Amino acid sequence: MKKIILLSLISLIFNSCGTIRFSKEKDAKKTNIVSKLDLNNIVEDRIPVEINPGKFNKDTVVYKMPRVVQGTYSISNFGRFVKNFKPISYSGKVLDFSSEDINTWKIFNANNLDKIIYEVEDTFDIENSEDDIPFSPAGTNIEDDNFMLNLFAFIGYFKSLQNNSYELIVSSNEDYKKSSALKLVSQESNTKGFIDSKYFANRYFDIADNPMMYGDLDVEEFMVEDIKIVLSVYSPNKNHTAKSLVKTVEKMMFAQKKYLGSIDSTSRYDIFLYLSDDKEDSPTGLGALEHHNSTVVVLSDSFSEEMLAKSMIDIVAHEFFHILTPLSVHSEDIHYFDYDKPTFSKHLWMYEGVVEYFAQHFQVNKNLINKEEFYEVIMDKIRLSNRYDDFMSFTNMSENVLDEPYASNYYNVYQKGALIGMCLDIIIRSESNGEKGILWVMKQLSNKYGKQKPFKDDLLFDEIISLTYPSVKLFFENHVQGNIPINYNDFFEKVGLKVVEGNVKTNFMRSGGGLIFKAGEDNDKIYFGSNVANNSFWSDQGVVNDDLLISIDNVQVTMENVNTILRNIYEWEPGRDIYVVYERDGEKREIKTKLVQSYMKDKVIIEPSDLSDQKKIILNSWLFN
Ligand SMILES: [Zn+2]
């Protein structure tokens, strides 16, 4: 009897060896979710992914990819890039599952689920051929010499295990350089001769918040006070190096750190710069996406060194100030972010607006630009904000930012949002006799809340008002919650500035009304438009509305190359020789000259010479304290 029992036990074990394995596996609730990305087995630009949770004690589990990720304010649907989704049982069979929606898989017999395998397709090369592809800095790239790994595009989460920690193993060729905002735990050669790099993430939030880049990278590190900055650059044509950018970025971030003063911040900050090749399958969404300790930036490899440096200042300064908000000061909507159906905070005026204001204000404050240049930036923001609905409540827009008509007004957060930041700064400066400003308020909030402690969305205004003045309350009620347009002159008046008609520097492709070129109505030719009248360079050369543009520097202008030509014109600087041929009434005319600074007539901010001492104090405190 005993023997038989023993034999049948053995056969039981034999038939279900998987059972033995799964009984050894830890409860899914109590163990890391082990995720693997295999960069050595790329087929058709797809990375094989393996997700291995512990053992589930339930019949069905739900696995999700993010529908929305933080900082994008748009729907990404990362599930659509997942191919060949397969839940595998302990005995190696494919378990039944159903796709609930594009981002959601319901897995049956989950008691038996060993792991999930699937492949993820990249997004950079389909931006031009498919609709609604995520903004490039939130996208992915899978190529022999470059992997842009925004991890939220590769790794999802189990609905019941959102707070589980993750172990991430990225297997790669030993020739690849790598750069990761996620902490590297260990690294070893595997049996196939590849390198397995092991990373750890506390919860899914940290997976989503920490991008990586692998491949033929150029990496430079430097210290800005106590923060280690890691700049990783991918330049497909080797036009740019991390080294060539270090000086610019270092100078800027040093000034930013000085501007911020002592705040509780990160010990390491990563900048991932992907330079796009301007080919048909290259990413086109130039810009950046912020994370707690890093930012992903996409710019063009064809930019000149000066242009790239200028763009890096504009973009990285903004992204780096996000360490103050929303990364430190943020509401519950952000802290407990729902990657499927997020709710949005009312306070985009602060997360994006005040941040953008700081990104401009620190430059004058720390003498990277002069006062006049700063005033021009402010006027430019006023001009650009006129393209959006000035009667839209900012808090309303913020809470409903995925839906129309709010979504198409989102970009006003960088214009009017920044101006809201400026107005608040001026109110607080003038009320406190120059002693305090909006940065002081943000630092108070950062001390009180910080990374780990969200504020209640509905209470933020009251909290700021209690730190400041009744006039701040009135401003919020009228111009941030309310829909009354801001009369900026009232605020300039507080610091003694005046807005008058004057000459504003412009480039060689724009004037106050916009682009000075236009496409032909019934042909595919390029003409000068009516805006050319308000561009001093071109109108001094005698060019008028409806003149047909034939060639620039002996290159014929066509519909096909007009974007490249416009970009070149955008980079023109005074002193450059140009040769332009255009046509009027069938007669060819030419311009052969050296470029001089071009101006347009528009509103400018001036500092009157008879400024009172009191106003001078407020003005100087606003600009330089
Ligand atoms: Zn931003």
# chains A, B, ... in the order shown; residues from 1 in each chain; ligands from 1

$ residues_near_ligand --ligand "ligand 1" --cutoff "8 Å" --atoms "only C-alpha atoms and all ligand atoms" --output "list of chain:residue names"
A:Gly71, A:Ala288, A:Leu289, A:Glu290, A:His318, A:Glu319, A:His322, A:Tyr351, A:Glu352, A:Val355, A:Glu356

$ write_last_selection --atoms "N, CA and C atoms" --output "PDB file, in the first residue's frame"
ATOM      1  N   GLY A  71       2.316  64.131 -17.448  1.00  0.00           N
ATOM      2  CA  GLY A  71       3.040  65.198 -18.130  1.00  0.00           C
ATOM      3  C   GLY A  71       2.649  65.381 -19.586  1.00  0.00           C
ATOM      4  N   ALA A 288      10.111  68.186 -25.034  1.00  0.00           N
ATOM      5  CA  ALA A 288      10.601  67.367 -23.931  1.00  0.00           C
ATOM      6  C   ALA A 288       9.460  66.923 -23.033  1.00  0.00           C
ATOM      7  N   LEU A 289       9.730  65.898 -22.265  1.00  0.00           N
ATOM      8  CA  LEU A 289       8.789  65.430 -21.246  1.00  0.00           C
ATOM      9  C   LEU A 289       9.540  65.337 -19.926  1.00  0.00           C
ATOM     10  N   GLU A 290       8.916  65.871 -18.879  1.00  0.00           N
ATOM     11  CA  GLU A 290       9.598  65.893 -17.586  1.00  0.00           C
ATOM     12  C   GLU A 290       9.305  64.645 -16.769  1.00  0.00           C
ATOM     13  N   HIS A 318      13.083  74.751 -18.481  1.00  0.00           N
ATOM     14  CA  HIS A 318      11.692  74.493 -18.105  1.00  0.00           C
ATOM     15  C   HIS A 318      11.571  73.129 -17.411  1.00  0.00           C
ATOM     16  N   GLU A 319      12.115  72.103 -18.034  1.00  0.00           N
ATOM     17  CA  GLU A 319      11.962  70.750 -17.480  1.00  0.00           C
ATOM     18  C   GLU A 319      12.601  70.644 -16.095  1.00  0.00           C
ATOM     19  N   HIS A 322      10.663  71.763 -13.179  1.00  0.00           N
ATOM     20  CA  HIS A 322       9.585  70.865 -12.755  1.00  0.00           C
ATOM     21  C   HIS A 322       9.942  70.112 -11.473  1.00  0.00           C
ATOM     22  N   TYR A 351       1.679  74.119 -12.438  1.00  0.00           N
ATOM     23  CA  TYR A 351       2.602  73.074 -12.902  1.00  0.00           C
ATOM     24  C   TYR A 351       3.329  73.479 -14.177  1.00  0.00           C
ATOM     25  N   GLU A 352       2.614  74.069 -15.119  1.00  0.00           N
ATOM     26  CA  GLU A 352       3.259  74.446 -16.376  1.00  0.00           C
ATOM     27  C   GLU A 352       3.512  75.946 -16.463  1.00  0.00           C
ATOM     28  N   VAL A 355       6.111  77.277 -13.810  1.00  0.00           N
ATOM     29  CA  VAL A 355       7.387  76.670 -14.206  1.00  0.00           C
ATOM     30  C   VAL A 355       7.964  77.384 -15.434  1.00  0.00           C
ATOM     31  N   GLU A 356       7.115  77.651 -16.412  1.00  0.00           N
ATOM     32  CA  GLU A 356       7.587  78.349 -17.610  1.00  0.00           C
ATOM     33  C   GLU A 356       8.001  79.783 -17.263  1.00  0.00           C
TER      34      GLU A 356
END

$ select_by_dssp --residues "segment 7-149 of chain A" --states "strand (DSSP E or B)" --output "ChimeraX atom specification"
/A:27,33-38,43,46-52,55,61-64,82-89,94,97-101,104-107,113-121,141-143,146-149

$ atom_distance --atom1 "atom CA of Val120 of chain A" --atom2 "atom CA of Gly193 of chain A"
23.5 Å

$ atom_distance --atom1 "atom CA of Gly421 of chain A" --atom2 "atom CA of Ile378 of chain A"
11.3 Å

$ residues_around --residues "segment 243-254 of chain A" --least-positions-apart "3" --cutoff "12 Å" --atoms "only C-alpha atoms" --output "ChimeraX atom specification"
/A:217-233,235,238-240,257-261,269-271,273,304-321,359-360,362-369

$ residues_around --residues "segment 499-502 of chain A" --least-positions-apart "5" --cutoff "8 Å" --atoms "only C-alpha atoms" --output "number ranges by chain"
A: 489, 492, 601-606

$ residues_around --residues "Gln541 of chain A" --least-positions-apart "3" --cutoff "8 Å" --atoms "only C-alpha atoms" --output "number ranges by chain"
A: 537-538, 591

$ select_by_dssp --residues "segment 380-416 of chain A" --states "helix (DSSP H, G or I)" --output "list of chain:residue names"
A:Asp380, A:Lys381, A:Ile382, A:Arg383, A:Leu384, A:Ser385, A:Phe394, A:Thr395, A:Asn396, A:Met397, A:Ser398, A:Glu399, A:Ala407, A:Ser408, A:Asn409, A:Tyr410, A:Tyr411, A:Asn412, A:Val413, A:Tyr414, A:Lys416

$ atom_distance --atom1 "atom CA of Lys448 of chain A" --atom2 "atom CA of Leu474 of chain A"
24.0 Å

$ residues_around --residues "Asp524 of chain A" --least-positions-apart "3" --cutoff "9 Å" --atoms "only C-alpha atoms" --output "list in words"
Ala519, Gly520, Glu521, Thr558 and Met559 of chain A

$ closest_residue --among "A:Ile617, A:Ile207, A:Ile323, A:Val69" --to "Pro137 of chain A" --atoms "only C-alpha atoms"
A:Val69

$ decode --residues "segment 247-292 of chain A" --atoms "C-alpha atoms" --output "PDB file, in the first residue's frame"
ATOM      1  CA  LYS A 247      29.162  74.161 -21.193  1.00  0.00           C
ATOM      2  CA  THR A 248      25.757  75.569 -22.144  1.00  0.00           C
ATOM      3  CA  VAL A 249      23.796  73.180 -19.968  1.00  0.00           C
ATOM      4  CA  GLU A 250      26.157  73.501 -17.023  1.00  0.00           C
ATOM      5  CA  LYS A 251      26.075  77.303 -17.016  1.00  0.00           C
ATOM      6  CA  MET A 252      22.302  77.302 -17.248  1.00  0.00           C
ATOM      7  CA  MET A 253      21.648  74.683 -14.585  1.00  0.00           C
ATOM      8  CA  PHE A 254      24.125  76.285 -12.227  1.00  0.00           C
ATOM      9  CA  ALA A 255      22.152  79.533 -12.548  1.00  0.00           C
ATOM     10  CA  GLN A 256      18.913  77.608 -12.001  1.00  0.00           C
ATOM     11  CA  LYS A 257      20.221  75.989  -8.852  1.00  0.00           C
ATOM     12  CA  LYS A 258      21.328  79.400  -7.555  1.00  0.00           C
ATOM     13  CA  TYR A 259      17.887  80.791  -8.387  1.00  0.00           C
ATOM     14  CA  LEU A 260      16.129  77.988  -6.516  1.00  0.00           C
ATOM     15  CA  GLY A 261      18.397  78.247  -3.494  1.00  0.00           C
ATOM     16  CA  SER A 262      18.111  75.510  -0.939  1.00  0.00           C
ATOM     17  CA  ILE A 263      15.319  73.156  -1.806  1.00  0.00           C
ATOM     18  CA  ASP A 264      14.953  69.489  -1.201  1.00  0.00           C
ATOM     19  CA  SER A 265      15.886  68.088  -4.573  1.00  0.00           C
ATOM     20  CA  THR A 266      17.230  65.045  -6.289  1.00  0.00           C
ATOM     21  CA  SER A 267      20.874  63.918  -6.047  1.00  0.00           C
ATOM     22  CA  ARG A 268      21.017  62.948  -9.718  1.00  0.00           C
ATOM     23  CA  TYR A 269      19.300  64.433 -12.754  1.00  0.00           C
ATOM     24  CA  ASP A 270      19.394  62.800 -16.197  1.00  0.00           C
ATOM     25  CA  ILE A 271      18.946  64.564 -19.522  1.00  0.00           C
ATOM     26  CA  PHE A 272      18.284  62.175 -22.406  1.00  0.00           C
ATOM     27  CA  LEU A 273      18.712  64.024 -25.687  1.00  0.00           C
ATOM     28  CA  TYR A 274      17.629  62.255 -28.871  1.00  0.00           C
ATOM     29  CA  LEU A 275      18.523  64.149 -32.027  1.00  0.00           C
ATOM     30  CA  SER A 276      16.165  63.418 -34.878  1.00  0.00           C
ATOM     31  CA  ASP A 277      17.490  62.808 -38.379  1.00  0.00           C
ATOM     32  CA  ASP A 278      14.777  64.675 -40.357  1.00  0.00           C
ATOM     33  CA  LYS A 279      14.087  61.539 -42.407  1.00  0.00           C
ATOM     34  CA  GLU A 280      10.635  60.226 -43.219  1.00  0.00           C
ATOM     35  CA  ASP A 281      10.717  57.791 -40.305  1.00  0.00           C
ATOM     36  CA  SER A 282      12.338  60.184 -37.816  1.00  0.00           C
ATOM     37  CA  PRO A 283      10.434  61.618 -34.850  1.00  0.00           C
ATOM     38  CA  THR A 284       8.973  65.074 -35.419  1.00  0.00           C
ATOM     39  CA  GLY A 285       7.644  66.027 -31.992  1.00  0.00           C
ATOM     40  CA  LEU A 286      10.451  68.295 -30.910  1.00  0.00           C
ATOM     41  CA  GLY A 287      10.297  69.148 -27.233  1.00  0.00           C
ATOM     42  CA  ALA A 288      10.601  67.367 -23.931  1.00  0.00           C
ATOM     43  CA  LEU A 289       8.789  65.430 -21.246  1.00  0.00           C
ATOM     44  CA  GLU A 290       9.598  65.893 -17.586  1.00  0.00           C
ATOM     45  CA  HIS A 291      10.111  63.232 -14.956  1.00  0.00           C
ATOM     46  CA  HIS A 292      10.994  63.498 -11.275  1.00  0.00           C
TER      47      HIS A 292
END
